[in-house]
Structures are given as structure tokens and as C-alpha cells.
Amino acid sequence: QVQLVESGGDLVQPGGSLRLSCVASGAISEFSTYHAIWLRQPPGKQRVFVASLFSGGSTNYLDSVKGRFTISRDNTKKTVYLSMDSLRPEDTAVYYCNIYSATNNFYGQGTQVTVSS
């Protein structure tokens with residue numbers, strides 16, 4: 001069984017920074033071959049795509065976070081990161097990570113990010 005655990009969410013003031021982590025554990029091999037996605041679900045809204053990092057290294061971002069958020073990974077630690085700078089109140093959401101391959105798809109339970117003064 002594979003588990004994804006997100007952490008790093010917090011209450012932060014507008015303009016602040018956070019780094020989210022997503023650690024994979026359990027029966028997962030060849031972590032480097034998995035693609036990774038961060039999603040978020042604002043209060044009362046649907047879950048939406050935030051950023052992706054394919055196994056080959058290419059990235060994509062939601063337009064509203066381009067230039068502020070960076071997705072990265074450390075395959076030796078089986079961890080995916082989301083660095084978030086210049087945070088805005090509209091970034092408030094539960095953030096989820098998702099890793100997937102051709103045959104497997106795993107989600108974490110989420111971590112709360114609140115941006116407020």
C-alpha cells in the first residue's frame with residue numbers, strides 16, 4: 001500500500017511564503033518514473049489544478065500562480081515540493097498532491113493553507 005502525506009500548510013500573511021511537501025511511503029518503487037501534480041480546493045469550490053511536474057522534468061502551472069509557485073521533487077526522498085511566494089488571500093485552499101503512472105494513481109489527504117492578515 002502507498003501513502004502520500006502532505007505537510008507545510010499554515011496560516012500566513014499576504015505576501016508571505018510557504019513550502020509544501022508531499023512524501024510517498026509504502027510499496028512504491030521507481031518513484032522517479034511517476035508524474036506529480038499539486039491541486040487545491042478553495043472553500044466552497046471545486047478542486048483545481050495548480051502545478052505539474054512530469055517525470056522528464058517539464059512543468060506546467062495555473063496562470064494565476066506562474067512566477068510565484070515552483071514545483072520540484074527529490075526522488076531520493078520520494079518527495080514532491082510546492083514552493084509558494086507572494087501569497088495572496090485567493091491562494092487560501094486545501095492543497096493536495098497526486099502522483100501517477102500508467103498503472104497507478106495516488107492522492108494525499110491534503111494540507112490547509114490560509115492567507116490572511
# chains A, B, ... in the order shown; residues from 1 in each chain; ligands from 1

call {"tool": "residues_around", "arguments": {"residues": "Ala102 in chain A", "least_positions_apart": "5", "cutoff": "10 Å", "atoms": "only C-alpha atoms", "output": "PDB file with N, CA, C and O atoms, in the first residue's frame"}}
result
ATOM      1  N   THR A  33       9.808   7.676 -11.872  1.00  0.00           N
ATOM      2  CA  THR A  33       9.027   7.492 -13.099  1.00  0.00           C
ATOM      3  C   THR A  33       7.599   8.040 -12.981  1.00  0.00           C
ATOM      4  O   THR A  33       6.881   8.088 -13.976  1.00  0.00           O
ATOM      5  N   TYR A  34       7.219   8.425 -11.779  1.00  0.00           N
ATOM      6  CA  TYR A  34       5.883   8.971 -11.564  1.00  0.00           C
ATOM      7  C   TYR A  34       5.828  10.460 -11.932  1.00  0.00           C
ATOM      8  O   TYR A  34       6.769  11.204 -11.688  1.00  0.00           O
ATOM      9  N   HIS A  35       4.701  10.863 -12.488  1.00  0.00           N
ATOM     10  CA  HIS A  35       4.413  12.285 -12.697  1.00  0.00           C
ATOM     11  C   HIS A  35       3.772  12.819 -11.416  1.00  0.00           C
ATOM     12  O   HIS A  35       3.136  12.073 -10.667  1.00  0.00           O
TER      13      HIS A  35
END

call {"tool": "closest_residue", "arguments": {"among": "A:Gln13, A:Thr92, A:Asn104, A:Ser86", "to": "Ala36 in chain A", "atoms": "only C-alpha atoms"}}
result
A:Asn104

call {"tool": "select_by_dssp", "arguments": {"residues": "chain A", "states": "strand (DSSP E)", "output": "PyMOL selection string"}}
result
chain A and resi 2-7+11-12+18-26+35-41+48-53+59-61+69-74+79-84+93-100+105-107+111-115

call {"tool": "write_last_selection", "arguments": {"atoms": "C-alpha atoms", "output": "PDB file, in the first residue's frame"}}
result
ATOM      1  CA  VAL A   2       1.211   3.501  -0.866  1.00  0.00           C
ATOM      2  CA  GLN A   3       0.652   6.590   1.254  1.00  0.00           C
ATOM      3  CA  LEU A   4       1.118  10.235   0.321  1.00  0.00           C
ATOM      4  CA  VAL A   5       1.369  12.662   3.203  1.00  0.00           C
ATOM      5  CA  GLU A   6       1.319  16.412   2.613  1.00  0.00           C
ATOM      6  CA  SER A   7       2.673  18.894   5.141  1.00  0.00           C
ATOM      7  CA  LEU A  11      -1.668  30.496   8.310  1.00  0.00           C
ATOM      8  CA  VAL A  12       0.442  33.146   6.577  1.00  0.00           C
ATOM      9  CA  LEU A  18       5.372  28.584   2.345  1.00  0.00           C
ATOM     10  CA  ARG A  19       6.832  25.323   1.112  1.00  0.00           C
ATOM     11  CA  LEU A  20       4.565  22.300   0.949  1.00  0.00           C
ATOM     12  CA  SER A  21       5.937  18.769   0.976  1.00  0.00           C
ATOM     13  CA  CYS A  22       4.395  15.519  -0.203  1.00  0.00           C
ATOM     14  CA  VAL A  23       6.160  12.358   0.916  1.00  0.00           C
ATOM     15  CA  ALA A  24       5.437   8.942  -0.561  1.00  0.00           C
ATOM     16  CA  SER A  25       5.857   5.821   1.532  1.00  0.00           C
ATOM     17  CA  GLY A  26       4.982   2.161   1.327  1.00  0.00           C
ATOM     18  CA  HIS A  35       4.413  12.285 -12.697  1.00  0.00           C
ATOM     19  CA  ALA A  36       3.383  14.694  -9.947  1.00  0.00           C
ATOM     20  CA  ILE A  37       0.578  17.229  -9.633  1.00  0.00           C
ATOM     21  CA  TRP A  38      -0.456  19.700  -6.966  1.00  0.00           C
ATOM     22  CA  LEU A  39      -4.134  20.642  -6.799  1.00  0.00           C
ATOM     23  CA  ARG A  40      -6.077  22.883  -4.456  1.00  0.00           C
ATOM     24  CA  GLN A  41      -9.644  23.227  -3.275  1.00  0.00           C
ATOM     25  CA  VAL A  48      -8.434  22.646  -9.407  1.00  0.00           C
ATOM     26  CA  PHE A  49      -5.023  22.069 -10.940  1.00  0.00           C
ATOM     27  CA  VAL A  50      -2.151  24.167  -9.612  1.00  0.00           C
ATOM     28  CA  ALA A  51       1.093  22.720 -10.967  1.00  0.00           C
ATOM     29  CA  SER A  52       2.540  19.616 -12.568  1.00  0.00           C
ATOM     30  CA  LEU A  53       5.975  18.105 -12.879  1.00  0.00           C
ATOM     31  CA  THR A  59       6.412  21.711 -15.677  1.00  0.00           C
ATOM     32  CA  ASN A  60       3.071  23.453 -16.046  1.00  0.00           C
ATOM     33  CA  TYR A  61       1.323  25.979 -13.828  1.00  0.00           C
ATOM     34  CA  PHE A  69       4.887  28.969  -7.236  1.00  0.00           C
ATOM     35  CA  THR A  70       7.527  26.363  -8.078  1.00  0.00           C
ATOM     36  CA  ILE A  71       7.024  22.606  -8.176  1.00  0.00           C
ATOM     37  CA  SER A  72      10.054  20.403  -7.611  1.00  0.00           C
ATOM     38  CA  ARG A  73      10.972  16.920  -6.436  1.00  0.00           C
ATOM     39  CA  ASP A  74      13.662  14.928  -4.673  1.00  0.00           C
ATOM     40  CA  THR A  79       9.145  13.815  -2.048  1.00  0.00           C
ATOM     41  CA  VAL A  80       7.426  16.446  -4.170  1.00  0.00           C
ATOM     42  CA  TYR A  81       7.506  20.103  -3.140  1.00  0.00           C
ATOM     43  CA  LEU A  82       5.474  23.208  -3.881  1.00  0.00           C
ATOM     44  CA  SER A  83       7.255  26.445  -3.025  1.00  0.00           C
ATOM     45  CA  MET A  84       4.850  29.348  -2.810  1.00  0.00           C
ATOM     46  CA  ALA A  93      -7.282  26.359  -0.009  1.00  0.00           C
ATOM     47  CA  VAL A  94      -6.610  22.784   0.934  1.00  0.00           C
ATOM     48  CA  TYR A  95      -3.650  21.657  -1.176  1.00  0.00           C
ATOM     49  CA  TYR A  96      -3.409  18.070  -2.397  1.00  0.00           C
ATOM     50  CA  CYS A  97      -0.664  16.171  -4.135  1.00  0.00           C
ATOM     51  CA  ASN A  98      -1.200  13.465  -6.717  1.00  0.00           C
ATOM     52  CA  ILE A  99       1.368  11.140  -8.244  1.00  0.00           C
ATOM     53  CA  TYR A 100       0.542   8.829 -11.097  1.00  0.00           C
ATOM     54  CA  ASN A 105      -2.671   6.846  -9.201  1.00  0.00           C
ATOM     55  CA  PHE A 106      -2.257   8.086  -5.620  1.00  0.00           C
ATOM     56  CA  TYR A 107      -3.618  11.094  -3.724  1.00  0.00           C
ATOM     57  CA  THR A 111      -2.822  20.325   3.878  1.00  0.00           C
ATOM     58  CA  GLN A 112      -4.539  23.622   4.706  1.00  0.00           C
ATOM     59  CA  VAL A 113      -3.055  26.910   3.502  1.00  0.00           C
ATOM     60  CA  THR A 114      -4.685  30.079   4.784  1.00  0.00           C
ATOM     61  CA  VAL A 115      -3.533  33.503   3.596  1.00  0.00           C
TER      62      VAL A 115
END

call {"tool": "select_by_dssp", "arguments": {"residues": "range 24-70 of chain A", "states": "helix (DSSP H, G or I)", "output": "list of chain:residue names"}}
result
A:Phe31, A:Ser32, A:Thr33, A:Asp63, A:Ser64, A:Val65

call {"tool": "write_last_selection", "arguments": {"atoms": "C-alpha atoms", "output": "PDB file, in the first residue's frame"}}
result
ATOM      1  CA  PHE A  31       9.372   6.967  -7.722  1.00  0.00           C
ATOM      2  CA  SER A  32      11.274   8.912 -10.373  1.00  0.00           C
ATOM      3  CA  THR A  33       9.027   7.492 -13.099  1.00  0.00           C
ATOM      4  CA  ASP A  63      -1.845  31.010 -14.827  1.00  0.00           C
ATOM      5  CA  SER A  64      -2.552  32.787 -11.562  1.00  0.00           C
ATOM      6  CA  VAL A  65       0.423  31.150  -9.809  1.00  0.00           C
TER       7      VAL A  65
END

call {"tool": "atom_distance", "arguments": {"atom1": "CA of Gln1 in chain A", "atom2": "CA of Ser55 in chain A"}}
result
21.4 Å

call {"tool": "closest_residue", "arguments": {"among": "A:Lys66, A:Gln46, A:Gly8, A:Ser101", "to": "Asp85 in chain A", "atoms": "only C-alpha atoms"}}
result
A:Lys66

call {"tool": "atom_distance", "arguments": {"atom1": "CA of Asn75 in chain A", "atom2": "CA of Glu30 in chain A"}}
result
8.7 Å

call {"tool": "closest_residue", "arguments": {"among": "A:Pro42, A:Leu62, A:Ser29, A:Gly108", "to": "Thr76 in chain A", "atoms": "only C-alpha atoms"}}
result
A:Ser29

call {"tool": "closest_residue", "arguments": {"among": "A:Gly15, A:Gln109, A:Lys77, A:Gly44", "to": "Pro89 in chain A", "atoms": "only C-alpha atoms"}}
result
A:Gly15
